file upload_12.txt (compact mmCIF, C-alpha atoms)
# COMPACT_ATOMS: atom_id res chain seq x y z
CA SER A 1 -4.69 -42.00 -14.94
CA PRO A 2 -8.43 -41.88 -15.68
CA GLU A 3 -9.06 -40.33 -12.25
CA ASN A 4 -6.52 -37.54 -12.86
CA LEU A 5 -7.93 -36.94 -16.33
CA ARG A 6 -11.39 -36.62 -14.80
CA LYS A 7 -10.05 -34.15 -12.23
CA LEU A 8 -8.38 -32.03 -14.92
CA THR A 9 -11.52 -31.98 -17.05
CA ILE A 10 -13.69 -30.87 -14.14
CA ALA A 11 -11.09 -28.30 -13.00
CA SER A 12 -10.95 -26.76 -16.48
CA ILE A 13 -14.71 -26.27 -16.40
CA LEU A 14 -14.80 -24.91 -12.84
CA ALA A 15 -11.97 -22.46 -13.55
CA ILE A 16 -14.28 -20.60 -15.92
CA ASP A 17 -16.57 -20.02 -12.91
CA PRO A 18 -19.81 -20.90 -14.73
CA ASN A 19 -23.21 -20.20 -13.18
CA VAL A 20 -24.43 -23.70 -13.98
CA ILE A 21 -22.68 -27.00 -14.66
CA ILE A 22 -24.61 -29.94 -16.04
CA PHE A 23 -23.05 -33.38 -15.47
CA ASP A 24 -24.38 -36.05 -17.82
CA GLU A 25 -24.84 -39.08 -15.56
CA PRO A 26 -21.50 -38.62 -13.74
CA THR A 27 -22.30 -41.38 -11.27
CA ASN A 28 -23.35 -43.89 -13.90
CA THR A 29 -21.71 -47.31 -13.26
CA LEU A 30 -20.31 -46.05 -9.91
CA ASP A 31 -21.05 -47.71 -6.60
CA GLU A 32 -21.92 -45.79 -3.43
CA ASN A 33 -18.31 -45.52 -2.27
CA GLU A 34 -17.15 -44.24 -5.68
CA ILE A 35 -19.99 -41.70 -5.78
CA THR A 36 -18.87 -40.31 -2.42
CA LYS A 37 -15.30 -40.02 -3.72
CA LEU A 38 -16.49 -38.24 -6.87
CA MET A 39 -18.46 -35.69 -4.85
CA LYS A 40 -15.39 -34.98 -2.72
CA ILE A 41 -13.29 -34.54 -5.85
CA ILE A 42 -15.79 -32.04 -7.27
CA GLU A 43 -15.78 -30.04 -4.02
CA GLU A 44 -11.98 -30.09 -3.89
CA LEU A 45 -11.64 -28.93 -7.47
CA LYS A 46 -14.27 -26.25 -6.97
CA LYS A 47 -12.11 -24.71 -4.26
CA ASN A 48 -8.80 -25.06 -6.10
CA SER A 49 -9.67 -25.11 -9.82
CA LYS A 50 -7.98 -21.83 -10.72
CA LYS A 51 -4.84 -22.78 -8.82
CA ILE A 52 -4.72 -26.16 -10.59
CA ILE A 53 -5.14 -24.56 -14.02
CA ASN A 54 -2.47 -21.92 -13.24
CA ASN A 55 -0.01 -24.59 -12.13
CA ILE A 56 -0.58 -26.58 -15.31
CA LYS A 57 -0.18 -23.47 -17.46
CA GLU A 58 3.02 -22.43 -15.68
CA ALA A 59 4.49 -25.86 -16.37
CA GLU A 60 3.54 -25.58 -20.05
CA ILE A 61 5.10 -22.10 -20.26
CA LYS A 62 8.36 -23.37 -18.76
CA GLU A 63 8.46 -26.26 -21.23
CA LYS A 64 7.87 -23.89 -24.14
CA GLN A 65 10.63 -21.60 -22.88
CA ARG A 66 12.97 -24.58 -22.65
CA ARG A 67 12.34 -25.38 -26.30
CA ILE A 68 12.79 -21.74 -27.32
CA ARG A 69 16.22 -21.64 -25.65
CA LYS A 70 17.49 -24.27 -28.09
CA SER A 71 17.77 -21.64 -30.84
CA LEU A 72 17.82 -18.10 -29.49
CA SER A 73 18.09 -14.86 -31.42
CA ILE A 74 21.36 -12.99 -30.90
CA SER A 75 19.87 -9.57 -31.66
CA GLN A 76 20.79 -6.82 -29.19
CA ALA A 77 17.94 -4.48 -30.15
CA LEU A 78 15.98 -4.88 -26.91
CA ASP A 79 19.09 -4.48 -24.78
CA SER A 80 20.24 -1.33 -26.58
CA ILE A 81 16.83 0.38 -26.50
CA PHE A 82 15.29 -0.81 -23.22
CA LYS A 83 18.06 -2.58 -21.28
CA ILE A 84 15.96 -5.72 -21.15
CA LYS A 85 16.30 -9.28 -22.36
CA LEU A 86 13.70 -11.60 -23.87
CA ASN A 87 14.41 -15.14 -24.98
CA TYR A 88 12.90 -15.51 -28.43
CA PRO A 89 13.65 -17.85 -31.35
CA SER A 90 16.18 -16.90 -34.01
CA ILE A 91 13.46 -17.18 -36.65
CA TYR A 92 12.11 -13.84 -35.41
CA ARG A 93 13.60 -10.81 -37.16
CA VAL A 94 13.68 -7.17 -36.10
CA ALA A 95 11.06 -5.55 -38.33
CA ALA A 96 11.50 -2.02 -36.96
CA VAL A 97 13.54 -0.14 -34.37
CA ASP A 98 12.85 3.38 -33.20
CA ARG A 99 13.19 5.46 -30.09
CA ASN A 100 11.36 3.57 -27.34
CA PHE A 101 10.02 1.00 -29.83
CA VAL A 102 11.07 -2.40 -31.18
CA TRP A 103 9.01 -4.64 -33.45
CA LEU A 104 9.88 -8.34 -33.71
CA ARG A 105 8.28 -10.46 -36.45
CA LYS A 106 8.16 -14.12 -37.46
CA ASP A 107 6.95 -14.78 -40.98
CA ILE A 108 4.79 -17.90 -41.34
CA LYS A 109 3.18 -19.49 -44.37
CA SER A 110 -0.23 -17.99 -43.62
CA GLY A 111 0.87 -14.58 -42.33
CA SER A 112 2.99 -13.44 -39.39
CA VAL A 113 3.50 -13.60 -35.62
CA ASN A 114 4.46 -10.26 -34.09
CA LEU A 115 5.70 -8.75 -30.85
CA SER A 116 6.16 -5.03 -30.30
CA VAL A 117 7.86 -3.58 -27.23
CA PHE A 118 7.54 0.03 -26.08
CA GLN A 119 7.61 2.08 -22.89
CA ILE A 120 6.05 5.13 -21.28
CA PRO A 121 7.02 7.10 -18.15
CA LEU A 122 5.64 5.73 -14.91
CA LYS A 123 2.89 7.97 -13.57
CA THR A 124 0.70 7.81 -10.49
CA ASN A 125 -2.46 7.24 -12.53
CA ARG A 126 -3.31 3.56 -12.54
CA LEU A 127 -3.77 1.73 -15.79
CA ASN A 128 -7.07 0.14 -16.72
CA THR A 129 -8.37 -1.55 -19.85
CA GLU A 130 -9.41 1.70 -21.52
CA LYS A 131 -6.05 3.39 -20.91
CA ILE A 132 -4.08 0.37 -22.09
CA ILE A 133 -6.12 0.14 -25.31
CA THR A 134 -5.70 3.88 -25.90
CA ILE A 135 -1.93 3.60 -25.53
CA ARG A 136 -1.82 0.44 -27.64
CA ASP A 137 -3.82 1.99 -30.49
CA SER A 138 -1.78 5.21 -30.39
CA VAL A 139 1.51 3.34 -30.74
CA SER A 140 0.11 1.01 -33.41
CA LYS A 141 -1.13 3.95 -35.48
CA GLN A 142 2.32 5.53 -35.45
CA LYS A 143 4.54 2.47 -35.68
CA ILE A 144 2.67 -0.44 -37.30
CA PRO A 145 1.32 0.54 -40.72
CA GLY A 146 -1.37 -1.34 -42.61
CA PRO A 147 -0.98 -2.69 -46.14
CA THR A 148 -2.11 0.54 -47.81
CA LYS A 149 -1.58 4.23 -47.16
CA GLU A 150 -3.25 5.64 -44.04
CA THR A 151 -4.28 2.22 -42.73
CA TYR A 152 -3.09 0.88 -39.40
CA MET A 153 -3.84 -1.69 -36.73
CA SER A 154 -6.34 -0.87 -33.97
CA THR A 155 -8.26 -2.75 -31.31
CA GLU A 156 -11.52 -4.38 -32.38
CA THR A 157 -14.23 -2.56 -30.42
CA GLN A 158 -17.12 -4.99 -30.93
CA TYR A 159 -15.49 -7.52 -28.58
CA LYS A 160 -14.51 -6.17 -25.18
CA PRO A 161 -10.89 -6.98 -24.22
CA VAL A 162 -10.36 -8.98 -21.04
CA LEU A 163 -7.99 -7.66 -18.35
CA VAL A 164 -6.45 -9.59 -15.46
CA PRO A 165 -3.68 -8.69 -12.97
CA THR A 166 -0.47 -10.59 -13.56
CA LYS A 167 3.13 -10.88 -12.46
CA ILE A 168 6.28 -11.61 -14.46
CA ARG A 169 9.04 -12.68 -12.10
CA LYS A 170 8.92 -9.98 -9.40
CA TYR A 171 7.28 -7.35 -11.58
CA LYS A 172 3.59 -6.57 -11.23
CA GLY A 173 1.54 -5.79 -14.27
CA LEU A 174 -1.65 -6.28 -16.26
CA GLU A 175 -2.54 -8.72 -19.00
CA VAL A 176 -5.08 -7.82 -21.68
CA ARG A 177 -6.40 -10.14 -24.38
CA GLY A 178 -8.62 -9.15 -27.28
CA LEU A 179 -8.91 -8.81 -31.03
CA TRP A 180 -7.30 -6.36 -33.46
CA GLU A 181 -8.32 -5.20 -36.92
CA VAL A 182 -7.24 -3.05 -39.84
CA LYS A 183 -10.34 -1.18 -40.90
CA LYS A 184 -11.40 -1.43 -44.55
CA GLN A 185 -8.78 -4.11 -45.14
CA PHE A 186 -10.56 -7.21 -43.78
CA MET A 187 -7.51 -7.97 -41.64
CA GLY A 188 -7.60 -9.00 -38.00
CA GLY A 189 -6.71 -11.53 -35.35
CA PRO A 190 -5.98 -12.02 -31.64
CA PHE A 191 -3.62 -10.00 -29.48
CA ILE A 192 -2.11 -10.31 -26.03
CA ASN A 193 -0.73 -7.30 -24.19
CA PHE A 194 1.33 -7.18 -21.00
CA SER A 195 2.07 -3.91 -19.20
CA VAL A 196 4.81 -4.28 -16.60
CA VAL A 197 5.69 -1.70 -13.95
CA ASP A 198 9.44 -1.08 -13.69
CA SER A 199 9.54 1.32 -10.75
CA ILE A 200 13.35 1.28 -10.51
CA ASN A 201 13.61 2.84 -13.96
CA ASN A 202 10.42 4.89 -13.54
CA ARG A 203 8.64 3.41 -16.53
CA ILE A 204 5.95 1.02 -17.72
CA LEU A 205 7.04 -1.54 -20.28
CA PHE A 206 4.50 -2.75 -22.82
CA PHE A 207 4.72 -6.05 -24.66
CA ASP A 208 2.12 -6.37 -27.39
CA GLY A 209 1.83 -9.62 -29.31
CA PHE A 210 -0.49 -10.09 -32.27
CA VAL A 211 -1.04 -12.72 -34.93
CA TYR A 212 -2.17 -12.44 -38.54
CA SER A 213 -2.94 -15.86 -39.96
CA PRO A 214 -6.29 -16.05 -41.78
CA GLY A 215 -8.09 -19.37 -41.71
CA THR A 216 -5.77 -21.04 -39.19
CA LYS A 217 -5.77 -21.78 -35.47
CA LYS A 218 -3.83 -19.10 -33.65
CA ALA A 219 -3.77 -20.25 -30.01
CA SER A 220 -0.30 -21.82 -30.30
CA TYR A 221 1.15 -18.59 -31.69
CA ILE A 222 -0.34 -16.50 -28.88
CA PHE A 223 0.98 -19.05 -26.39
CA GLU A 224 4.49 -18.74 -27.89
CA ILE A 225 4.34 -14.96 -27.56
CA GLU A 226 3.24 -15.29 -23.94
CA ALA A 227 6.17 -17.62 -23.20
CA ILE A 228 8.58 -15.12 -24.79
CA ILE A 229 7.19 -12.19 -22.79
CA LYS A 230 7.37 -14.17 -19.54
CA SER A 231 11.11 -14.71 -20.06
CA LEU A 232 11.61 -10.98 -19.34
CA LYS A 233 14.77 -9.89 -17.56
CA ILE A 234 15.43 -6.22 -16.80
CA LEU A 235 19.17 -5.65 -17.07
CA LYS A 236 19.57 -2.42 -15.13
call {"tool": "encode", "arguments": {"input": "upload_12.txt", "output": "structure tokens"}}
result
Amino acid sequence: SPENLRKLTIASILAIDPNVIIFDEPTNTLDENEITKLMKIIEELKKNSKKIINNIKEAEIKEKQRRIRKSLSISQALDSIFKIKLNYPSIYRVAAVDRNFVWLRKDIKSGSVNLSVFQIPLKTNRLNTEKIITIRDSVSKQKIPGPTKETYMSTETQYKPVLVPTKIRKYKGLEVRGLWEVKKQFMGGPFINFSVVDSINNRILFFDGFVYSPGTKKASYIFEIEAIIKSLKILK
């Protein structure tokens, strides 16, 4: 309904937690009773905007996962290396498998959509953005080569990655979003990284998704990777 659409629009803005919001004649054509209702809606959304946005996103993730389940990959690479399961489309292929490392890749017309999975021992030191980026870049340098000799993917340093606490099923973790690049190759794009604490198996699992697709919108690809990661099941 128009009222719900108005609520969603306002909630999306408030969820960003801006310092200032400018409404362009929001009460135009409204009578006194409707103005009072609108003010109450704004106050309600101000208190619950992040919860509303999270609920909407969770519903979208579940719908995406439902669609993915229609044509799942039958690869056992993740099970054999990590004893985990991810639901991902059959169009993804295993690009590389190594000790403690699996690289999944979907080729698209404009480039590729990628997801690498790796693990490190669980230590008492807490992770933060700097440590996650250091680990990410170290693994990328060793496992994900660039198009020419001695080139590799690394995190773009001009734009600070954003970190937020997260949870996948019952597992606590951290989510980091930022940009990657291959220096001297004019290659880059967005990435999303989840680090998940698996205390039972004394390890931290890393799921690193990145997209290379010059000149195209990449949000839908990052969203697909996020839906895949959030289907995580630890099998032991």
call {"tool": "residues_around", "arguments": {"input": "upload_12.txt", "residues": "Ser110 in chain A", "least_positions_apart": "6", "cutoff": "10 Å", "atoms": "all atoms listed in the file", "output": "list of chain:residue names"}}
result
A:Tyr212, A:Ser213, A:Pro214, A:Gly215, A:Thr216
call {"tool": "residues_around", "arguments": {"input": "upload_12.txt", "residues": "Leu205 in chain A", "least_positions_apart": "3", "cutoff": "6 Å", "atoms": "all atoms listed in the file", "output": "PyMOL selection string"}}
result
chain A and resi 119+195-196
call {"tool": "residues_around", "arguments": {"input": "upload_12.txt", "residues": "Leu127 in chain A", "least_positions_apart": "5", "cutoff": "10 Å", "atoms": "only C-alpha atoms", "output": "JSON, numbers by chain"}}
result
{"A": [132, 133, 173, 174, 195, 204]}
call {"tool": "residues_around", "arguments": {"input": "upload_12.txt", "residues": "range 137-139 of chain A", "least_positions_apart": "3", "cutoff": "8 Å", "atoms": "all atoms listed in the file", "output": "list in words"}}
result
Ile133, Thr134, Gln142, Lys143, Ile144, Met153, Ser154 and Thr155 of chain A
call {"tool": "residues_around", "arguments": {"input": "upload_12.txt", "residues": "Arg93 in chain A", "least_positions_apart": "5", "cutoff": "7 Å", "atoms": "only C-alpha atoms", "output": "number ranges by chain"}}
result
A: 104-106
call {"tool": "atom_distance", "arguments": {"input": "upload_12.txt", "atom1": "CA of Leu235 in chain A", "atom2": "CA of Asp79 in chain A"}}
result
7.8 Å
